[in-house]
$ cat my_file28.pdb   # PDB, C-alpha atoms, pLDDT in the B column
ATOM      1  CA  MET Y  14      95.000 142.815  71.569  1.00 58.00           C
ATOM      2  CA  ILE Y  15      94.813 139.420  69.781  1.00 56.00           C
ATOM      3  CA  ILE Y  16      98.210 140.046  68.183  1.00 58.00           C
ATOM      4  CA  LEU Y  17      99.712 140.930  71.554  1.00 49.00           C
ATOM      5  CA  CYS Y  18      98.328 137.741  73.146  1.00 41.00           C
ATOM      6  CA  SER Y  19      99.585 135.636  70.239  1.00 47.00           C
ATOM      7  CA  LEU Y  20     103.080 137.118  70.575  1.00 47.00           C
ATOM      8  CA  LEU Y  21     103.066 136.431  74.319  1.00 46.00           C
ATOM      9  CA  VAL Y  22     102.091 132.779  73.791  1.00 45.00           C
ATOM     10  CA  LEU Y  23     104.781 132.425  71.110  1.00 47.00           C
ATOM     11  CA  LEU Y  24     107.472 133.886  73.387  1.00 46.00           C
ATOM     12  CA  LEU Y  25     106.453 131.626  76.272  1.00 45.00           C
ATOM     13  CA  GLN Y  26     106.636 128.581  74.025  1.00 48.00           C
ATOM     14  CA  PHE Y  27     110.170 129.459  72.978  1.00 46.00           C
ATOM     15  CA  LYS Y  28     111.149 129.738  76.636  1.00 46.00           C
ATOM     16  CA  GLY Y  29     109.665 126.265  77.292  1.00 45.00           C
ATOM     17  CA  ARG Y  30     107.066 127.534  79.764  1.00 40.00           C
ATOM     18  CA  VAL Y  31     103.962 126.395  77.854  1.00 42.00           C
ATOM     19  CA  THR Y  32     103.514 122.693  77.132  1.00 50.00           C
ATOM     20  CA  ALA Y  33     100.301 123.057  75.151  1.00 56.00           C
ATOM     21  CA  VAL Y  34      99.988 122.347  71.449  1.00 58.00           C
ATOM     22  CA  PRO Y  35     102.627 124.317  69.538  1.00 63.00           C
ATOM     23  CA  ILE Y  36     101.564 126.915  67.006  1.00 76.00           C
ATOM     24  CA  LEU Y  37     103.112 124.899  64.156  1.00 74.00           C
ATOM     25  CA  PRO Y  38     103.180 121.095  63.937  1.00 78.00           C
ATOM     26  CA  THR Y  39     106.280 119.789  65.728  1.00 89.00           C
ATOM     27  CA  LYS Y  40     107.912 116.374  65.834  1.00 94.00           C
ATOM     28  CA  VAL Y  41     108.036 114.469  69.117  1.00 96.00           C
ATOM     29  CA  THR Y  42     110.975 112.209  69.984  1.00 97.00           C
ATOM     30  CA  VAL Y  43     110.334 109.089  72.055  1.00 98.00           C
ATOM     31  CA  GLU Y  44     113.468 107.780  73.783  1.00 98.00           C
ATOM     32  CA  ILE Y  45     113.523 104.292  75.310  1.00 99.00           C
ATOM     33  CA  THR Y  46     116.473 103.295  77.512  1.00 98.00           C
ATOM     34  CA  ASN Y  47     117.162  99.727  78.642  1.00 99.00           C
ATOM     35  CA  LYS Y  48     117.517  99.726  82.446  1.00 98.00           C
ATOM     36  CA  LEU Y  49     117.115  95.964  82.925  1.00 97.00           C
ATOM     37  CA  ASN Y  50     119.596  94.196  85.210  1.00 94.00           C
ATOM     38  CA  ASN Y  51     122.288  92.907  82.840  1.00 91.00           C
ATOM     39  CA  GLU Y  52     119.856  91.811  80.123  1.00 94.00           C
ATOM     40  CA  SER Y  53     119.362  92.782  76.493  1.00 98.00           C
ATOM     41  CA  LEU Y  54     115.981  94.247  75.624  1.00 98.00           C
ATOM     42  CA  THR Y  55     114.318  93.606  72.276  1.00 98.00           C
ATOM     43  CA  LEU Y  56     111.570  96.022  71.341  1.00 98.00           C
ATOM     44  CA  HIS Y  57     109.219  96.579  68.435  1.00 98.00           C
ATOM     45  CA  CYS Y  58     107.304  99.881  68.310  1.00 98.00           C
ATOM     46  CA  LYS Y  59     104.579 100.940  65.910  1.00 97.00           C
ATOM     47  CA  ASP Y  60     101.370 102.865  65.447  1.00 97.00           C
ATOM     48  CA  LYS Y  61      98.446 102.201  63.136  1.00 94.00           C
ATOM     49  CA  TYR Y  62     100.403 103.340  60.061  1.00 94.00           C
ATOM     50  CA  ASN Y  63     104.123 103.224  60.911  1.00 96.00           C
ATOM     51  CA  ASP Y  64     106.203 100.227  61.960  1.00 98.00           C
ATOM     52  CA  LYS Y  65     109.520 101.260  63.530  1.00 98.00           C
ATOM     53  CA  GLY Y  66     110.998  97.763  63.240  1.00 98.00           C
ATOM     54  CA  VAL Y  67     112.646  95.433  65.751  1.00 98.00           C
ATOM     55  CA  VAL Y  68     115.579  96.756  67.792  1.00 98.00           C
ATOM     56  CA  THR Y  69     117.743  95.090  70.445  1.00 98.00           C
ATOM     57  CA  LEU Y  70     119.289  97.285  73.140  1.00 98.00           C
ATOM     58  CA  ASN Y  71     122.100  96.399  75.503  1.00 98.00           C
ATOM     59  CA  VAL Y  72     121.893  97.690  79.079  1.00 98.00           C
ATOM     60  CA  ASN Y  73     121.878 101.528  79.329  1.00 98.00           C
ATOM     61  CA  LYS Y  74     121.533 101.943  75.542  1.00 99.00           C
ATOM     62  CA  THR Y  75     118.778 104.146  74.101  1.00 99.00           C
ATOM     63  CA  TYR Y  76     116.555 103.843  71.034  1.00 99.00           C
ATOM     64  CA  ARG Y  77     114.882 106.959  69.608  1.00 99.00           C
ATOM     65  CA  PHE Y  78     112.143 107.519  67.065  1.00 98.00           C
ATOM     66  CA  ARG Y  79     110.431 110.704  65.876  1.00 97.00           C
ATOM     67  CA  PHE Y  80     106.987 111.459  64.504  1.00 96.00           C
ATOM     68  CA  TYR Y  81     104.415 114.204  64.113  1.00 94.00           C
ATOM     69  CA  PRO Y  82     101.495 113.765  66.547  1.00 95.00           C
ATOM     70  CA  ASN Y  83      98.049 114.439  65.097  1.00 92.00           C
ATOM     71  CA  TYR Y  84      97.813 118.224  65.216  1.00 87.00           C
ATOM     72  CA  PHE Y  85      94.036 118.626  65.089  1.00 89.00           C
ATOM     73  CA  PHE Y  86      92.797 115.496  66.879  1.00 90.00           C
ATOM     74  CA  PRO Y  87      94.965 114.243  69.786  1.00 91.00           C
ATOM     75  CA  LEU Y  88      94.641 110.552  68.913  1.00 95.00           C
ATOM     76  CA  THR Y  89      98.233 109.503  68.146  1.00 96.00           C
ATOM     77  CA  LEU Y  90      99.156 106.210  69.817  1.00 97.00           C
ATOM     78  CA  TYR Y  91     102.423 104.277  69.631  1.00 98.00           C
ATOM     79  CA  PHE Y  92     102.752 100.939  71.380  1.00 97.00           C
ATOM     80  CA  CYS Y  93     105.783  98.723  71.887  1.00 98.00           C
ATOM     81  CA  HIS Y  94     106.322  95.018  72.363  1.00 98.00           C
ATOM     82  CA  PHE Y  95     109.137  94.437  74.883  1.00 98.00           C
ATOM     83  CA  VAL Y  96     110.908  91.083  75.187  1.00 97.00           C
ATOM     84  CA  TRP Y  97     113.767  89.876  77.351  1.00 97.00           C
ATOM     85  CA  ILE Y  98     114.804  86.451  78.667  1.00 93.00           C
ATOM     86  CA  GLU Y  99     112.281  86.315  81.517  1.00 86.00           C
ATOM     87  CA  ALA Y 100     109.348  88.328  80.177  1.00 94.00           C
ATOM     88  CA  GLU Y 101     107.297  89.711  77.314  1.00 96.00           C
ATOM     89  CA  TYR Y 102     105.026  92.752  77.532  1.00 97.00           C
ATOM     90  CA  TYR Y 103     103.161  95.321  75.484  1.00 97.00           C
ATOM     91  CA  PHE Y 104     102.905  98.967  76.532  1.00 97.00           C
ATOM     92  CA  ASN Y 105     101.425 102.144  75.005  1.00 97.00           C
ATOM     93  CA  ILE Y 106     104.656 104.139  74.965  1.00 98.00           C
ATOM     94  CA  TYR Y 107     103.062 107.302  73.532  1.00 98.00           C
ATOM     95  CA  VAL Y 108      99.433 108.287  74.072  1.00 97.00           C
ATOM     96  CA  GLN Y 109      98.883 111.812  72.828  1.00 95.00           C
ATOM     97  CA  LYS Y 110      96.183 112.652  75.370  1.00 94.00           C
ATOM     98  CA  ARG Y 111      98.462 111.437  78.188  1.00 94.00           C
ATOM     99  CA  ASP Y 112     101.830 112.619  76.900  1.00 94.00           C
ATOM    100  CA  GLY Y 113     101.117 115.620  74.666  1.00 91.00           C
ATOM    101  CA  TYR Y 114     104.424 117.114  73.560  1.00 88.00           C
ATOM    102  CA  CYS Y 115     106.170 115.849  76.741  1.00 89.00           C
ATOM    103  CA  PHE Y 116     109.028 118.127  77.803  1.00 88.00           C
ATOM    104  CA  HIS Y 117     110.568 120.181  75.004  1.00 88.00           C
ATOM    105  CA  ASN Y 118     109.223 117.602  72.493  1.00 93.00           C
ATOM    106  CA  ARG Y 119     111.199 114.770  74.171  1.00 96.00           C
ATOM    107  CA  CYS Y 120     109.466 111.776  75.785  1.00 97.00           C
ATOM    108  CA  PRO Y 121     112.182 109.800  77.604  1.00 98.00           C
ATOM    109  CA  TRP Y 122     111.366 106.366  79.055  1.00 98.00           C
ATOM    110  CA  GLU Y 123     113.340 103.800  81.025  1.00 98.00           C
ATOM    111  CA  VAL Y 124     112.363 100.121  80.825  1.00 98.00           C
ATOM    112  CA  LEU Y 125     112.791  98.202  84.096  1.00 97.00           C
ATOM    113  CA  GLU Y 126     111.749  94.727  85.197  1.00 96.00           C
ATOM    114  CA  ASN Y 127     108.744  96.125  87.116  1.00 95.00           C
ATOM    115  CA  GLY Y 128     107.546  98.364  84.278  1.00 97.00           C
ATOM    116  CA  PRO Y 129     108.363 101.392  82.143  1.00 98.00           C
ATOM    117  CA  CYS Y 130     109.069 104.787  83.743  1.00 98.00           C
ATOM    118  CA  LYS Y 131     108.453 108.092  82.000  1.00 97.00           C
ATOM    119  CA  ILE Y 132     111.210 110.531  82.895  1.00 96.00           C
ATOM    120  CA  LYS Y 133     109.919 114.030  83.567  1.00 89.00           C
ATOM    121  CA  SER Y 134     111.922 117.218  84.117  1.00 82.00           C
ATOM    122  CA  GLU Y 135     112.374 116.652  87.865  1.00 85.00           C
ATOM    123  CA  SER Y 136     110.640 113.334  88.536  1.00 90.00           C
ATOM    124  CA  ARG Y 137     109.590 110.041  87.002  1.00 92.00           C
ATOM    125  CA  GLU Y 138     106.209 108.377  86.529  1.00 96.00           C
ATOM    126  CA  CYS Y 139     106.373 104.593  86.633  1.00 97.00           C
ATOM    127  CA  PHE Y 140     103.780 102.155  85.324  1.00 96.00           C
ATOM    128  CA  ILE Y 141     103.319  98.486  86.168  1.00 95.00           C
ATOM    129  CA  TRP Y 142     103.325  95.906  83.381  1.00 95.00           C
ATOM    130  CA  LYS Y 143      99.661  94.993  82.919  1.00 81.00           C
ATOM    131  CA  THR Y 144      99.759  91.884  80.779  1.00 69.00           C
ATOM    132  CA  SER Y 145     102.374  89.252  80.265  1.00 64.00           C
ATOM    133  CA  TYR Y 146     102.182  87.164  77.129  1.00 59.00           C
ATOM    134  CA  VAL Y 147     103.183  83.546  77.579  1.00 53.00           C
ATOM    135  CA  GLU Y 148     103.477  81.077  74.719  1.00 48.00           C
ATOM    136  CA  LYS Y 149     100.861  78.321  74.850  1.00 45.00           C
ATOM    137  CA  ASN Y 150     100.644  75.834  71.986  1.00 42.00           C
ATOM    138  CA  ASN Y 151     102.442  78.213  69.602  1.00 40.00           C
ATOM    139  CA  THR Y 152      99.967  81.039  70.235  1.00 43.00           C
ATOM    140  CA  PHE Y 153     100.249  84.098  72.434  1.00 43.00           C
ATOM    141  CA  SER Y 154      97.515  84.957  74.903  1.00 42.00           C
ATOM    142  CA  SER Y 155      97.008  87.313  77.818  1.00 40.00           C
TER     143      SER Y 155
END
$ encode --input "my_file28.pdb" --output "C-alpha cells"
Amino acid sequence: MIILCSLLVLLLQFKGRVTAVPILPTKVTVEITNKLNNESLTLHCKDKYNDKGVVTLNVNKTYRFRFYPNYFFPLTLYFCHFVWIEAEYYFNIYVQKRDGYCFHNRCPWEVLENGPCKIKSESRECFIWKTSYVEKNNTFSS
C-alpha cells in the first residue's frame, strides 16, 4: 500500500498537480522582469551565503538565478535591492515558506513602480514597497 501511494504521488508530481516538496531536491528558478516605465532597473540579489551580483535590466528584460531551497528546513530566503532613478527598495524575492517551489520550479516576478508582482499560473500577487531608502549624510536609513 505504501509503494502504491508513493507511486501515485510521484506520478502526480510529474503531471504538475502537486506543488509540495519534491521527492528529490530540485532547483528553483527566480525570474525578475523589469516592468518600470521606460527606466533601467539595477538589482542586487543574495541570501545569507550566496551573492548573485549586481545586474542592470532594460525595460522588459529578465534576470534569472537558480538555487536549491533547503530541503529539510524551509528557511531559504533571497532578498534583492532594487534601484532606479526615482527610488530604492529592498524586497524578499524568495521566502521558502511563502513561495515553496512556485509553479513548476519557476518563480516569475515583475518589478513595477508600485511594487513587485509574483506571476502565478493564472493570476498575479502584487506587493507594495514597504521601505524606501533615502541617502542622508552618506548613510542609508529607513
$ resolve_selection --input "my_file28.pdb" --expression "the PyMOL selection byres ((chain Y and resi 93-99) around 8)" --output "mmCIF file with C-alpha atoms, keeping the file's coordinate frame"
data_model
loop_
_atom_site.group_PDB
_atom_site.id
_atom_site.type_symbol
_atom_site.label_atom_id
_atom_site.label_comp_id
_atom_site.auth_asym_id
_atom_site.auth_seq_id
_atom_site.Cartn_x
_atom_site.Cartn_y
_atom_site.Cartn_z
ATOM 1 C CA GLU Y 52 119.856 91.811 80.123
ATOM 2 C CA SER Y 53 119.362 92.782 76.493
ATOM 3 C CA LEU Y 54 115.981 94.247 75.624
ATOM 4 C CA THR Y 55 114.318 93.606 72.276
ATOM 5 C CA LEU Y 56 111.570 96.022 71.341
ATOM 6 C CA HIS Y 57 109.219 96.579 68.435
ATOM 7 C CA CYS Y 58 107.304 99.881 68.310
ATOM 8 C CA LYS Y 59 104.579 100.940 65.910
ATOM 9 C CA TYR Y 91 102.423 104.277 69.631
ATOM 10 C CA PHE Y 92 102.752 100.939 71.380
ATOM 11 C CA ALA Y 100 109.348 88.328 80.177
ATOM 12 C CA GLU Y 101 107.297 89.711 77.314
ATOM 13 C CA TYR Y 102 105.026 92.752 77.532
ATOM 14 C CA TYR Y 103 103.161 95.321 75.484
ATOM 15 C CA PHE Y 104 102.905 98.967 76.532
ATOM 16 C CA ASN Y 105 101.425 102.144 75.005
ATOM 17 C CA ILE Y 106 104.656 104.139 74.965
#
$ atom_distance --input "my_file28.pdb" --atom1 "atom CA of Cys115 of chain Y" --atom2 "atom CA of Ser134 of chain Y"
9.5 Å
$ closest_residue --input "my_file28.pdb" --among "Y:Arg111, Y:Arg119, Y:Lys74, Y:Lys65" --to "Lys40 of chain Y" --atoms "all atoms listed in the file"
Y:Arg119
$ closest_residue --input "my_file28.pdb" --among "Y:Thr42, Y:Asn63, Y:Asn73, Y:Gly113" --to "Phe86 of chain Y" --atoms "all atoms listed in the file"
Y:Gly113
$ resolve_selection --input "my_file28.pdb" --expression "the PyMOL selection byres ((chain Y and resi 75-78) around 6)" --output "VMD selection string"
chain Y and resid 42 to 46 74 79
$ closest_residue --input "my_file28.pdb" --among "Y:Thr69, Y:Gln109, Y:Asn47, Y:Asn118" --to "Asn83 of chain Y" --atoms "only C-alpha atoms"
Y:Gln109
$ axis_aligned_box --input "my_file28.pdb" --around "segment 36-53 of chain Y" --padding-each-side "4 Å" --output "lines of an AutoDock Vina configuration file"
center_x = 111.9
center_y = 109.4
center_z = 74.6
size_x = 28.7
size_y = 43.1
size_z = 29.3
$ resolve_selection --input "my_file28.pdb" --expression "the PyMOL selection byres ((chain Y and resi 38) around 10)" --output "PyMOL selection string"
chain Y and resi 34-37+39-41+81-85
$ atom_distance --input "my_file28.pdb" --atom1 "atom CA of Gly128 of chain Y" --atom2 "atom CA of Trp142 of chain Y"
5.0 Å
$ closest_residue --input "my_file28.pdb" --among "Y:Cys120, Y:Leu125, Y:Val108, Y:Leu70" --to "Phe140 of chain Y" --atoms "all atoms listed in the file"
Y:Leu125
$ atom_distance --input "my_file28.pdb" --atom1 "atom CA of Cys139 of chain Y" --atom2 "atom CA of Lys61 of chain Y"
24.9 Å
$ decode --input "my_file28.pdb" --residues "segment 109-121 of chain Y" --atoms "N, CA and C atoms" --output "PDB file, in the first residue's frame"
ATOM      1  N   GLN Y 109      10.970  30.786   1.305  1.00  0.00           N
ATOM      2  CA  GLN Y 109      10.576  29.408   1.063  1.00  0.00           C
ATOM      3  C   GLN Y 109       9.208  29.065   1.647  1.00  0.00           C
ATOM      4  N   LYS Y 110       8.916  29.554   2.837  1.00  0.00           N
ATOM      5  CA  LYS Y 110       7.601  29.260   3.427  1.00  0.00           C
ATOM      6  C   LYS Y 110       6.474  29.897   2.622  1.00  0.00           C
ATOM      7  N   ARG Y 111       6.722  31.045   2.011  1.00  0.00           N
ATOM      8  CA  ARG Y 111       5.710  31.722   1.197  1.00  0.00           C
ATOM      9  C   ARG Y 111       5.643  31.146  -0.209  1.00  0.00           C
ATOM     10  N   ASP Y 112       6.819  30.900  -0.810  1.00  0.00           N
ATOM     11  CA  ASP Y 112       6.871  30.572  -2.228  1.00  0.00           C
ATOM     12  C   ASP Y 112       7.016  29.090  -2.539  1.00  0.00           C
ATOM     13  N   GLY Y 113       7.577  28.318  -1.615  1.00  0.00           N
ATOM     14  CA  GLY Y 113       7.758  26.886  -1.865  1.00  0.00           C
ATOM     15  C   GLY Y 113       8.541  26.647  -3.142  1.00  0.00           C
ATOM     16  N   TYR Y 114       7.993  25.801  -4.012  1.00  0.00           N
ATOM     17  CA  TYR Y 114       8.629  25.511  -5.291  1.00  0.00           C
ATOM     18  C   TYR Y 114       7.915  26.235  -6.424  1.00  0.00           C
ATOM     19  N   CYS Y 115       7.085  27.242  -6.056  1.00  0.00           N
ATOM     20  CA  CYS Y 115       6.359  28.091  -7.011  1.00  0.00           C
ATOM     21  C   CYS Y 115       5.553  27.240  -7.980  1.00  0.00           C
ATOM     22  N   PHE Y 116       5.649  27.497  -9.255  1.00  0.00           N
ATOM     23  CA  PHE Y 116       4.888  26.757 -10.258  1.00  0.00           C
ATOM     24  C   PHE Y 116       5.870  26.086 -11.203  1.00  0.00           C
ATOM     25  N   HIS Y 117       5.946  24.785 -11.134  1.00  0.00           N
ATOM     26  CA  HIS Y 117       6.911  24.009 -11.926  1.00  0.00           C
ATOM     27  C   HIS Y 117       8.343  24.503 -11.703  1.00  0.00           C
ATOM     28  N   ASN Y 118       8.671  24.820 -10.439  1.00  0.00           N
ATOM     29  CA  ASN Y 118      10.008  25.260 -10.028  1.00  0.00           C
ATOM     30  C   ASN Y 118      10.420  26.616 -10.603  1.00  0.00           C
ATOM     31  N   ARG Y 119       9.475  27.383 -11.114  1.00  0.00           N
ATOM     32  CA  ARG Y 119       9.723  28.738 -11.628  1.00  0.00           C
ATOM     33  C   ARG Y 119       8.996  29.733 -10.739  1.00  0.00           C
ATOM     34  N   CYS Y 120       9.700  30.801 -10.354  1.00  0.00           N
ATOM     35  CA  CYS Y 120       9.115  31.879  -9.543  1.00  0.00           C
ATOM     36  C   CYS Y 120       9.279  33.187 -10.314  1.00  0.00           C
ATOM     37  N   PRO Y 121       8.357  33.481 -11.230  1.00  0.00           N
ATOM     38  CA  PRO Y 121       8.476  34.717 -12.018  1.00  0.00           C
ATOM     39  C   PRO Y 121       7.924  35.935 -11.276  1.00  0.00           C
TER      40      PRO Y 121
END
